[in-house]
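Source file: coords-v5.pdb; contents: PDB, C-alpha atoms.
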```pdb
MODEL        1
ATOM      1  CA  MET E   1     -49.500  55.252  18.938
ATOM      2  CA  ALA E   2     -47.405  56.928  16.252
ATOM      3  CA  VAL E   3     -46.202  54.735  13.399
ATOM      4  CA  PHE E   4     -42.975  55.552  11.569
ATOM      5  CA  ASP E   5     -40.644  53.957   9.075
ATOM      6  CA  ALA E   6     -37.270  53.471  10.787
ATOM      7  CA  GLN E   7     -35.491  52.795   7.492
ATOM      8  CA  ALA E   8     -36.885  56.013   6.008
ATOM      9  CA  LEU E   9     -35.506  58.011   8.957
ATOM     10  CA  ILE E  10     -32.113  56.393   8.487
ATOM     11  CA  ASP E  11     -32.138  57.067   4.740
ATOM     12  CA  SER E  12     -33.052  60.721   5.356
ATOM     13  CA  GLY E  13     -29.983  61.207   7.537
ATOM     14  CA  ARG E  14     -31.968  62.227  10.627
ATOM     15  CA  ARG E  15     -31.381  58.956  12.488
ATOM     16  CA  ARG E  16     -28.575  56.445  12.844
ATOM     17  CA  ILE E  17     -28.192  53.003  14.458
ATOM     18  CA  CYS E  18     -26.153  52.899  17.642
ATOM     19  CA  GLU E  19     -23.277  50.454  17.190
ATOM     20  CA  GLY E  20     -23.437  49.547  20.874
ATOM     21  CA  CYS E  21     -27.064  48.428  21.294
ATOM     22  CA  GLY E  22     -28.811  48.817  17.930
ATOM     23  CA  PHE E  23     -31.018  51.654  19.249
ATOM     24  CA  LEU E  24     -32.264  54.361  16.865
ATOM     25  CA  VAL E  25     -30.457  57.626  17.730
ATOM     26  CA  GLY E  26     -30.536  61.083  16.204
ATOM     27  CA  THR E  27     -27.555  61.911  13.993
ATOM     28  CA  ASP E  28     -26.957  65.107  15.989
ATOM     29  CA  THR E  29     -26.642  63.063  19.218
ATOM     30  CA  PRO E  30     -23.087  61.699  19.459
ATOM     31  CA  ARG E  31     -23.726  59.744  22.701
ATOM     32  CA  CYS E  32     -26.426  57.047  22.774
ATOM     33  CA  PRO E  33     -28.917  57.791  25.605
ATOM     34  CA  ARG E  34     -29.576  54.076  26.017
ATOM     35  CA  CYS E  35     -26.145  52.454  26.321
ATOM     36  CA  GLY E  36     -23.804  55.462  26.413
ATOM     37  CA  HIS E  37     -21.872  54.436  23.297
ATOM     38  CA  THR E  38     -20.211  57.383  21.532
ATOM     39  CA  ALA E  39     -20.297  57.352  17.770
ATOM     40  CA  ALA E  40     -17.034  57.791  15.892
ATOM     41  CA  THR E  41     -16.978  60.951  13.774
ATOM     42  CA  GLN E  42     -16.778  60.257  10.065
ATOM     43  CA  PRO E  43     -14.770  62.754   7.986
ATOM     44  CA  THR E  44     -16.763  64.255   5.169
ATOM     45  CA  ALA E  45     -15.264  65.072   1.781
ATOM     46  CA  PRO E  46     -15.530  68.707   0.647
ATOM     47  CA  ALA E  47     -18.218  69.325  -1.871
ATOM     48  CA  ARG E  48     -16.989  69.675  -5.450
ATOM     49  CA  PRO E  49     -17.973  72.926  -7.156
ATOM     50  CA  THR E  50     -20.280  72.589 -10.046
ATOM     51  CA  THR E  51     -20.349  74.764 -13.158
ATOM     52  CA  PRO E  52     -23.648  75.733 -14.686
ATOM     53  CA  ALA E  53     -24.415  74.021 -17.925
ATOM     54  CA  GLN E  54     -23.953  76.179 -21.052
ATOM     55  CA  PRO E  55     -26.939  76.418 -23.345
ATOM     56  CA  THR E  56     -26.403  74.990 -26.783
ATOM     57  CA  ALA E  57     -27.996  76.138 -29.974
ATOM     58  CA  HIS E  58     -30.761  74.163 -31.495
ATOM     59  CA  ALA E  59     -30.861  71.819 -28.474
ATOM     60  CA  ASP E  60     -33.787  69.480 -28.373
ATOM     61  CA  PRO E  61     -36.008  69.852 -25.348
ATOM     62  CA  MET E  62     -35.255  67.253 -22.656
ATOM     63  CA  PRO E  63     -38.002  64.643 -22.413
ATOM     64  CA  PRO E  64     -39.849  64.514 -19.099
ATOM     65  CA  ALA E  65     -38.375  62.122 -16.521
ATOM     66  CA  GLN E  66     -40.160  58.807 -16.255
ATOM     67  CA  PRO E  67     -41.304  57.841 -12.764
ATOM     68  CA  THR E  68     -39.273  55.023 -11.309
ATOM     69  CA  ALA E  69     -40.352  52.458  -8.791
ATOM     70  CA  ARG E  70     -39.152  53.259  -5.279
ATOM     71  CA  ALA E  71     -36.718  50.720  -3.937
ATOM     72  CA  GLN E  72     -37.964  48.853  -0.911
ATOM     73  CA  PRO E  73     -35.877  49.589   2.166
ATOM     74  CA  THR E  74     -33.935  46.646   3.497
ATOM     75  CA  THR E  75     -32.725  46.057   7.000
ATOM     76  CA  PRO E  76     -28.961  45.525   7.181
ATOM     77  CA  ALA E  77     -27.954  42.037   8.249
ATOM     78  CA  SER E  78     -25.668  43.488  10.912
ATOM     79  CA  ARG E  79     -28.606  45.356  12.463
ATOM     80  CA  VAL E  80     -30.721  42.194  12.560
ATOM     81  CA  SER E  81     -27.860  40.290  14.163
ATOM     82  CA  ARG E  82     -27.354  42.970  16.819
ATOM     83  CA  THR E  83     -31.081  43.081  17.585
ATOM     84  CA  ARG E  84     -31.240  39.318  18.065
ATOM     85  CA  ALA E  85     -28.189  39.416  20.294
ATOM     86  CA  THR E  86     -29.791  42.151  22.416
ATOM     87  CA  VAL E  87     -33.025  40.162  22.780
ATOM     88  CA  SER E  88     -31.048  37.063  23.711
ATOM     89  CA  ARG E  89     -29.082  38.954  26.380
ATOM     90  CA  THR E  90     -32.301  40.438  27.791
ATOM     91  CA  ARG E  91     -33.976  37.017  27.955
ATOM     92  CA  ALA E  92     -30.945  35.450  29.625
ATOM     93  CA  ALA E  93     -30.759  38.298  32.155
ATOM     94  CA  ARG E  94     -34.436  37.831  33.001
ATOM     95  CA  PHE E  95     -34.009  34.114  33.763
ATOM     96  CA  ASP E  96     -30.763  34.710  35.645
ATOM     97  CA  ALA E  97     -32.551  37.190  37.902
ATOM     98  CA  ALA E  98     -35.518  34.863  38.633
ATOM     99  CA  VAL E  99     -34.106  33.256  41.789
ATOM    100  CA  GLY E 100     -36.734  34.226  44.383
ATOM    101  CA  ASP E 101     -39.308  31.999  46.093
ATOM    102  CA  GLY E 102     -42.826  31.891  44.626
ATOM    103  CA  GLU E 103     -46.259  30.434  45.124
ATOM    104  CA  VAL E 104     -49.144  29.598  42.809
ATOM    105  CA  THR E 105     -51.937  32.165  42.614
ATOM    106  CA  GLU E 106     -55.647  31.502  42.966
ATOM    107  CA  TYR E 107     -55.986  31.834  39.199
ATOM    108  CA  GLY E 108     -53.284  29.236  38.595
ATOM    109  CA  LEU E 109     -54.782  26.823  41.121
ATOM    110  CA  GLY E 110     -58.174  26.861  39.405
ATOM    111  CA  GLY E 111     -60.418  24.261  41.019
ATOM    112  CA  MET E 112     -57.520  23.016  43.147
ATOM    113  CA  ALA E 113     -57.930  26.148  45.283
ATOM    114  CA  GLY E 114     -60.893  24.435  46.936
ATOM    115  CA  VAL E 115     -58.947  21.239  47.722
ATOM    116  CA  PRO E 116     -57.337  21.532  51.183
ATOM    117  CA  ASP E 117     -54.347  19.247  50.580
ATOM    118  CA  ARG E 118     -53.933  20.286  46.915
ATOM    119  CA  THR E 119     -54.221  16.625  45.878
ATOM    120  CA  ILE E 120     -56.691  14.747  43.677
ATOM    121  CA  TRP E 121     -56.861  10.960  43.395
ATOM    122  CA  ILE E 122     -58.459   9.218  40.394
ATOM    123  CA  VAL E 123     -59.042   5.488  39.991
ATOM    124  CA  SER E 124     -60.004   4.169  36.556
ATOM    125  CA  HIS E 125     -60.772   0.583  35.551
ATOM    126  CA  GLY E 126     -59.938  -0.705  32.088
ATOM    127  CA  ILE E 127     -56.990  -1.903  30.066
ATOM    128  CA  PRO E 128     -54.433   0.943  29.926
ATOM    129  CA  LYS E 129     -53.693   2.054  26.383
ATOM    130  CA  THR E 130     -50.691   3.797  24.889
ATOM    131  CA  GLN E 131     -50.727   6.956  22.813
ATOM    132  CA  GLY E 132     -48.225   7.739  20.092
ATOM    133  CA  SER E 133     -48.634   5.443  17.096
ATOM    134  CA  MET E 134     -50.925   6.898  14.406
ATOM    135  CA  VAL E 135     -52.357   5.596  11.132
ATOM    136  CA  ALA E 136     -53.685   7.525   8.141
ATOM    137  CA  ILE E 137     -57.397   7.144   7.424
ATOM    138  CA  GLY E 138     -57.635   9.710   4.623
ATOM    139  CA  PRO E 139     -55.981  12.809   3.145
ATOM    140  CA  GLY E 140     -54.703  14.801   6.111
ATOM    141  CA  ARG E 141     -56.577  12.609   8.601
ATOM    142  CA  LEU E 142     -54.906  10.517  11.305
ATOM    143  CA  ARG E 143     -56.148   8.428  14.194
ATOM    144  CA  ALA E 144     -54.565   6.283  16.861
ATOM    145  CA  ALA E 145     -53.406   2.862  15.751
ATOM    146  CA  ASP E 146     -55.404   1.376  18.632
ATOM    147  CA  LYS E 147     -58.924   2.868  18.531
ATOM    148  CA  ASP E 148     -59.557   1.636  22.071
ATOM    149  CA  MET E 149     -57.158   4.358  23.235
ATOM    150  CA  TYR E 150     -59.939   6.929  22.778
ATOM    151  CA  VAL E 151     -62.288   4.905  24.979
ATOM    152  CA  TRP E 152     -59.583   4.597  27.630
ATOM    153  CA  ARG E 153     -58.999   8.350  27.630
ATOM    154  CA  ASP E 154     -62.709   9.007  27.894
ATOM    155  CA  THR E 155     -62.945   6.643  30.860
ATOM    156  CA  ILE E 156     -60.223   8.585  32.685
ATOM    157  CA  ALA E 157     -61.884  11.926  31.869
ATOM    158  CA  ALA E 158     -65.243  10.674  33.167
ATOM    159  CA  ASP E 159     -63.690   9.448  36.425
ATOM    160  CA  ALA E 160     -61.877  12.766  36.837
ATOM    161  CA  LEU E 161     -65.138  14.639  36.282
ATOM    162  CA  LEU E 162     -66.815  12.633  39.049
ATOM    163  CA  GLN E 163     -64.034  13.595  41.445
ATOM    164  CA  ALA E 164     -63.790  17.263  40.481
ATOM    165  CA  GLY E 165     -67.387  18.204  39.650
ATOM    166  CA  ILE E 166     -68.864  20.106  36.731
ATOM    167  CA  ARG E 167     -67.906  23.528  38.185
ATOM    168  CA  TRP E 168     -64.212  22.679  38.158
ATOM    169  CA  GLN E 169     -61.870  25.321  36.751
ATOM    170  CA  PRO E 170     -58.809  23.856  34.973
ATOM    171  CA  ILE E 171     -55.471  24.056  36.771
ATOM    172  CA  ASP E 172     -53.230  26.506  34.940
ATOM    173  CA  ALA E 173     -50.028  26.086  36.941
ATOM    174  CA  PRO E 174     -47.213  23.528  37.404
ATOM    175  CA  VAL E 175     -48.647  20.108  38.235
ATOM    176  CA  HIS E 176     -47.069  16.939  39.616
ATOM    177  CA  ILE E 177     -48.578  13.674  38.345
ATOM    178  CA  ASP E 178     -47.989  10.127  39.604
ATOM    179  CA  VAL E 179     -49.599   7.126  37.894
ATOM    180  CA  CYS E 180     -49.508   3.401  38.592
ATOM    181  CA  PHE E 181     -50.752   1.265  35.706
ATOM    182  CA  THR E 182     -52.103  -2.196  36.484
ATOM    183  CA  LEU E 183     -51.693  -4.179  33.269
ATOM    184  CA  PRO E 184     -53.335  -7.466  32.308
ATOM    185  CA  PHE E 185     -51.063 -10.481  32.166
ATOM    186  CA  PRO E 186     -49.611 -10.731  28.631
ATOM    187  CA  GLN E 187     -50.802 -13.486  26.335
ATOM    188  CA  ARG E 188     -47.191 -14.346  25.574
ATOM    189  CA  PHE E 189     -45.161 -14.412  28.730
ATOM    190  CA  GLU E 190     -41.402 -13.938  28.642
ATOM    191  CA  ASP E 191     -39.522 -16.354  30.893
ATOM    192  CA  GLN E 192     -37.675 -14.379  33.573
ATOM    193  CA  SER E 193     -36.224 -17.263  35.584
ATOM    194  CA  GLU E 194     -32.696 -16.397  34.435
ATOM    195  CA  ARG E 195     -33.122 -12.824  35.716
ATOM    196  CA  ILE E 196     -35.194 -13.255  38.901
ATOM    197  CA  THR E 197     -35.093 -16.058  41.443
ATOM    198  CA  GLY E 198     -36.878 -16.768  44.702
ATOM    199  CA  SER E 199     -35.415 -15.633  48.007
ATOM    200  CA  GLY E 200     -36.018 -18.580  50.316
ATOM    201  CA  THR E 201     -39.837 -18.826  50.246
ATOM    202  CA  GLU E 202     -41.907 -21.719  48.943
ATOM    203  CA  HIS E 203     -43.676 -19.431  46.460
ATOM    204  CA  PRO E 204     -42.236 -18.437  43.077
ATOM    205  CA  PRO E 205     -41.013 -14.839  42.896
ATOM    206  CA  ARG E 206     -43.193 -11.936  41.815
ATOM    207  CA  ILE E 207     -43.252 -11.074  38.133
ATOM    208  CA  PRO E 208     -42.443  -7.443  37.264
ATOM    209  CA  ALA E 209     -44.112  -5.885  34.221
ATOM    210  CA  MET E 210     -40.981  -5.686  32.078
ATOM    211  CA  GLN E 211     -42.776  -6.288  28.769
ATOM    212  CA  THR E 212     -44.601  -3.825  26.564
ATOM    213  CA  PRO E 213     -46.339  -1.367  26.658
ATOM    214  CA  ASP E 214     -43.865   1.412  27.460
ATOM    215  CA  ARG E 215     -44.430   3.693  30.452
ATOM    216  CA  ASP E 216     -43.972   6.978  28.591
ATOM    217  CA  LYS E 217     -46.675   6.180  26.026
ATOM    218  CA  LEU E 218     -49.053   5.030  28.763
ATOM    219  CA  LEU E 219     -48.491   8.297  30.624
ATOM    220  CA  ARG E 220     -49.069  10.353  27.474
ATOM    221  CA  ALA E 221     -52.595   8.998  27.117
ATOM    222  CA  VAL E 222     -53.401   9.874  30.741
ATOM    223  CA  GLN E 223     -52.071  13.413  30.477
ATOM    224  CA  ASP E 224     -54.041  14.074  27.305
ATOM    225  CA  ALA E 225     -57.187  12.583  28.848
ATOM    226  CA  LEU E 226     -56.974  15.160  31.632
ATOM    227  CA  SER E 227     -56.190  18.155  29.411
ATOM    228  CA  LEU E 228     -57.388  17.594  25.828
ATOM    229  CA  PRO E 229     -61.124  18.119  25.135
ATOM    230  CA  ASN E 230     -60.637  18.033  21.365
ATOM    231  CA  PRO E 231     -63.604  16.502  19.499
ATOM    232  CA  GLY E 232     -61.473  16.180  16.365
ATOM    233  CA  ASN E 233     -59.161  13.770  18.153
ATOM    234  CA  ARG E 234     -61.820  11.322  19.327
ATOM    235  CA  SER E 235     -63.355   8.158  17.935
ATOM    236  CA  GLU E 236     -66.752   8.028  16.273
ATOM    237  CA  ALA E 237     -68.223   5.872  19.046
ATOM    238  CA  GLU E 238     -66.845   7.979  21.892
ATOM    239  CA  SER E 239     -69.183   9.705  24.312
ATOM    240  CA  GLN E 240     -70.123  13.271  23.438
ATOM    241  CA  GLY E 241     -71.295  14.020  26.987
ATOM    242  CA  MET E 242     -69.797  16.263  29.617
ATOM    243  CA  ALA E 243     -66.685  14.113  30.029
ATOM    244  CA  SER E 244     -65.690  14.715  26.402
ATOM    245  CA  ARG E 245     -65.500  18.460  27.142
ATOM    246  CA  PHE E 246     -63.941  18.274  30.609
ATOM    247  CA  LYS E 247     -60.432  19.552  31.377
ATOM    248  CA  LEU E 248     -58.829  18.938  34.734
ATOM    249  CA  VAL E 249     -55.644  20.741  33.633
ATOM    250  CA  ALA E 250     -55.453  23.619  31.156
ATOM    251  CA  ASP E 251     -52.783  21.995  28.966
ATOM    252  CA  ASP E 252     -50.581  18.914  29.109
ATOM    253  CA  SER E 253     -47.508  21.171  29.193
ATOM    254  CA  ARG E 254     -48.475  21.998  32.807
ATOM    255  CA  PHE E 255     -47.339  18.508  33.854
ATOM    256  CA  VAL E 256     -43.799  19.455  34.820
ATOM    257  CA  TYR E 257     -42.876  16.502  37.020
ATOM    258  CA  GLY E 258     -44.095  13.058  37.935
ATOM    259  CA  SER E 259     -43.531   9.328  38.186
ATOM    260  CA  GLU E 260     -45.138   6.335  36.559
ATOM    261  CA  ALA E 261     -44.988   2.629  37.315
ATOM    262  CA  LYS E 262     -46.490  -0.465  35.744
ATOM    263  CA  THR E 263     -47.387  -3.688  37.496
ATOM    264  CA  TYR E 264     -49.535  -6.767  37.106
ATOM    265  CA  PRO E 265     -52.664  -7.191  39.282
ATOM    266  CA  ARG E 266     -52.744  -8.346  42.864
ATOM    267  CA  PRO E 267     -51.769 -10.620  44.524
ATOM    268  CA  GLY E 268     -48.561 -10.988  42.482
ATOM    269  CA  HIS E 269     -48.168  -7.215  42.188
ATOM    270  CA  THR E 270     -44.924  -5.263  42.471
ATOM    271  CA  HIS E 271     -46.342  -1.873  43.530
ATOM    272  CA  SER E 272     -48.492  -0.858  46.512
ATOM    273  CA  TRP E 273     -50.863   1.123  44.245
ATOM    274  CA  ALA E 274     -51.670  -1.974  42.159
ATOM    275  CA  LEU E 275     -55.338  -2.891  41.689
ATOM    276  CA  ASP E 276     -56.851  -6.356  41.563
ATOM    277  CA  ARG E 277     -57.785  -5.792  37.919
ATOM    278  CA  PRO E 278     -56.431  -3.726  35.001
ATOM    279  CA  GLY E 279     -56.685   0.019  35.465
ATOM    280  CA  ALA E 280     -54.799   3.038  36.748
ATOM    281  CA  VAL E 281     -54.338   4.947  39.987
ATOM    282  CA  ILE E 282     -53.632   8.631  39.306
ATOM    283  CA  ARG E 283     -52.505  11.283  41.786
ATOM    284  CA  LEU E 284     -52.336  14.965  40.851
ATOM    285  CA  THR E 285     -50.734  17.483  43.185
ATOM    286  CA  MET E 286     -49.379  21.004  42.944
ATOM    287  CA  ILE E 287     -45.588  21.026  42.888
ATOM    288  CA  ASP E 288     -45.421  22.849  46.241
ATOM    289  CA  ALA E 289     -47.864  20.480  48.008
ATOM    290  CA  ASP E 290     -46.590  18.544  50.997
ATOM    291  CA  VAL E 291     -47.189  14.920  49.933
ATOM    292  CA  ASP E 292     -45.281  11.688  50.316
ATOM    293  CA  PRO E 293     -43.345  10.565  47.237
ATOM    294  CA  MET E 294     -44.794   7.801  45.110
ATOM    295  CA  PRO E 295     -43.698   4.376  46.396
ATOM    296  CA  ARG E 296     -41.091   2.521  44.415
ATOM    297  CA  PRO E 297     -41.753  -0.878  42.803
ATOM    298  CA  THR E 298     -40.392  -3.877  44.669
ATOM    299  CA  LEU E 299     -40.006  -7.632  44.283
ATOM    300  CA  ARG E 300     -41.029  -8.051  47.931
ATOM    301  CA  ASP E 301     -44.514  -7.588  49.383
ATOM    302  CA  PRO E 302     -45.508  -4.006  48.398
ATOM    303  CA  GLY E 303     -48.312  -3.846  50.971
ATOM    304  CA  ALA E 304     -51.973  -2.873  50.791
ATOM    305  CA  LEU E 305     -53.600  -0.073  48.825
ATOM    306  CA  PRO E 306     -53.586   3.345  50.494
ATOM    307  CA  PRO E 307     -56.942   3.798  52.297
ATOM    308  CA  ARG E 308     -58.007   6.670  50.066
ATOM    309  CA  VAL E 309     -57.272   4.671  46.921
ATOM    310  CA  ALA E 310     -59.020   1.584  48.289
ATOM    311  CA  THR E 311     -62.189   3.636  48.915
ATOM    312  CA  LEU E 312     -62.159   5.044  45.379
ATOM    313  CA  HIS E 313     -61.519   1.582  43.971
ATOM    314  CA  GLU E 314     -64.596   0.186  45.744
ATOM    315  CA  GLU E 315     -66.702   3.111  44.500
ATOM    316  CA  VAL E 316     -65.667   2.410  40.896
ATOM    317  CA  VAL E 317     -66.427  -1.307  41.345
ATOM    318  CA  ARG E 318     -69.898  -0.500  42.705
ATOM    319  CA  ARG E 319     -70.602   2.089  40.005
ATOM    320  CA  ASN E 320     -69.557  -0.245  37.196
ATOM    321  CA  ARG E 321     -71.691  -3.041  38.671
ATOM    322  CA  LEU E 322     -74.755  -0.798  38.782
ATOM    323  CA  SER E 323     -74.037   0.413  35.251
ATOM    324  CA  SER E 324     -73.911  -3.159  33.946
ATOM    325  CA  LEU E 325     -77.186  -4.031  35.672
ATOM    326  CA  GLY E 326     -78.876  -0.937  34.270
ATOM    327  CA  GLY E 327     -77.562  -1.570  30.763
TER     328      GLY E 327
ENDMDL
END
```

Kindly transcribe the structure held in the file into structure tokens.
Amino acid sequence: MAVFDAQALIDSGRRRICEGCGFLVGTDTPRCPRCGHTAATQPTAPARPTTPAQPTAHADPMPPAQPTARAQPTTPASRVSRTRATVSRTRAARFDAAVGDGEVTEYGLGGMAGVPDRTIWIVSHGIPKTQGSMVAIGPGRLRAADKDMYVWRDTIAADALLQAGIRWQPIDAPVHIDVCFTLPFPQRFEDQSERITGSGTEHPPRIPAMQTPDRDKLLRAVQDALSLPNPGNRSEAESQGMASRFKLVADDSRFVYGSEAKTYPRPGHTHSWALDRPGAVIRLTMIDADVDPMPRPTLRDPGALPPRVATLHEEVVRRNRLSSLGG
């Protein structure tokens, strides 16, 4: 590919900048071949005649000219502004034209290509942790304010690995994520009797999880657990096994849509995905998958766990029991 100095061509008079689109055009071409803009002719002043210098007697010889540093060419501000405007118009035109239907390719699906319903369920047991608050532990070194957050993320990654398998290829396409967090009852409970009252039954009303932690910070930890195998962002005691290098999704920016809910454990739960202990139920789907929307929280009986989630929940209970006996 030939390399040339555009400013040098302009300075030499062989090229000019089109005022219509900023394209580089020959000075002998009045009409721009790119946008059709015609350059205005500039009148030129007649050259002034010069008279030869008369020799003078006893003139001292002229000293040789000293070399001068060549001025660096500069790009006119108007040209930069026009170029940016052109790029902006091109980008806007590209997005305005992108109105057709599409579908995710095999490459974008990754391991999800082998899942018939394009849906993965993950059940993790443990106290859900938030991600967001950081503390300094040295010059240029930060870690999460709650170190247990790293353990929680590693638990989710390990459970995802068991569901996907070691040959899983990360999803590199738009992903829909739904998460229901089952939180432990808070040590300090906020009285909600002025806000919620019973509706004719002999039992007190259900208690919604209206206290901290916040849903968005809980979701952030889950998304990073499924897409962030970064050893530099892990605790010293965290597992360095396969789960610490596993990625279900190529990057957390691929999570383009989703829902999250928080509830206390059964039987006083307010969501049908609630567990009987602290943990999380996670559902990942492709955005074009035909799945039912995530149920909404309710102050009435939310119902039983979905059969698929109940099976995974029992598997995790059995696996954790065997792990405790073996340890």

Do you know which residues are at most 10 Å from E:Val249 counting all atoms listed in the file, after dropping those on the same chain fewer than 6 positions away, and could you put them as a list in words? Leu109, Gly110, Gly111, Met112, Trp168, Gln169, Pro170, Ile171, Asp172, Ala173, Pro174, Val175, Gln223, Asp224, Ala225, Leu226, Ser227, Leu228, Phe255 and Leu284 of chain E

List the residues selected by the PyMOL selection byres ((chain E and resi 148-154) around 6) in the file shown, writing them as a list of chain:residue names.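 Checking the PyMOL selection byres ((chain E and resi 148-154) around 6) against this file, the residues are E:Lys129, E:Asp146, E:Lys147, E:Thr155, E:Ile156, E:Ala157, E:Ala225, E:Arg234.
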
Quick one: apply the PyMOL selection byres ((chain E and resi 262) around 12) to the file and drop the selected residues here as a VMD selection string. chain E and resid 128 178 to 185 207 to 219 259 to 261 263 to 265 269 to 275 278 to 281 296 to 298

In Å to one decimal, how far is atom CA of E:Glu190 from atom CA of E:Gln131?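 Distance between the two atoms: 23.6 Å.
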
Can you pull out every residue within 8 Å of stretch 12-18 of chain E, counting all atoms listed in the file, but drop anything in the same chain fewer than 6 positions away, and send it as a ChimeraX atom specification? /E:24-28,32,37,39,79

Keeping only C-alpha atoms, write those residues as a PDB file, in the coordinates of the input.
```
ATOM      1  CA  LEU E  24     -32.264  54.361  16.865  1.00  0.00           C
ATOM      2  CA  VAL E  25     -30.457  57.626  17.730  1.00  0.00           C
ATOM      3  CA  GLY E  26     -30.536  61.083  16.204  1.00  0.00           C
ATOM      4  CA  THR E  27     -27.555  61.911  13.993  1.00  0.00           C
ATOM      5  CA  ASP E  28     -26.957  65.107  15.989  1.00  0.00           C
ATOM      6  CA  CYS E  32     -26.426  57.047  22.774  1.00  0.00           C
ATOM      7  CA  HIS E  37     -21.872  54.436  23.297  1.00  0.00           C
ATOM      8  CA  ALA E  39     -20.297  57.352  17.770  1.00  0.00           C
ATOM      9  CA  ARG E  79     -28.606  45.356  12.463  1.00  0.00           C
TER      10      ARG E  79
END
```

Report the distance between atom CA of E:Asp276 and atom CA of E:Asp117 in Å, rounded to one decimal place.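 Going from atom CA of E:Asp276 over to atom CA of E:Asp117 covers 27.3 Å.
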
Measure the distance from atom CA of E:Ser133 to atom CA of E:His176 in Å and round it to one decimal.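 Taking atom CA of E:Ser133 and atom CA of E:His176, their separation equals 25.3 Å.
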
For stretch 133-139 of chain E, I'd like the enclosing box, axis-aligned and padded by 6 Å on every side, reported as AutoDock Vina command-line options with centre and edge lengths in Å to one decimal.
```
--center_x -53.1 --center_y 9.1 --center_z 10.1 --size_x 21.0 --size_y 19.4 --size_z 26.0
```

May I have the protein, DNA and RNA residues with any atom at most 9 Å from the point (-38.0, -15.6, 42.3), counting only C-alpha atoms, written as a short mmCIF file (atom, residue, chain, number, x, y, z; two decimals) with C-alpha atoms, in the frame of the given file?
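Here's the written file out-v3.cif:
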```
data_model
loop_
_atom_site.label_atom_id
_atom_site.label_comp_id
_atom_site.auth_asym_id
_atom_site.auth_seq_id
_atom_site.Cartn_x
_atom_site.Cartn_y
_atom_site.Cartn_z
CA GLN E 192 -37.67 -14.38 33.57
CA SER E 193 -36.22 -17.26 35.58
CA ARG E 195 -33.12 -12.82 35.72
CA ILE E 196 -35.19 -13.26 38.90
CA THR E 197 -35.09 -16.06 41.44
CA GLY E 198 -36.88 -16.77 44.70
CA SER E 199 -35.42 -15.63 48.01
CA GLY E 200 -36.02 -18.58 50.32
CA THR E 201 -39.84 -18.83 50.25
CA HIS E 203 -43.68 -19.43 46.46
CA PRO E 204 -42.24 -18.44 43.08
CA PRO E 205 -41.01 -14.84 42.90
CA ARG E 206 -43.19 -11.94 41.82
CA ILE E 207 -43.25 -11.07 38.13
CA LEU E 299 -40.01 -7.63 44.28
#
```

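Candidate residues E:Thr311, E:Ser88, E:Thr285, E:Ser253 were compared for distance to E:Thr119, and the nearest is E:Thr285, using all atoms listed in the file.
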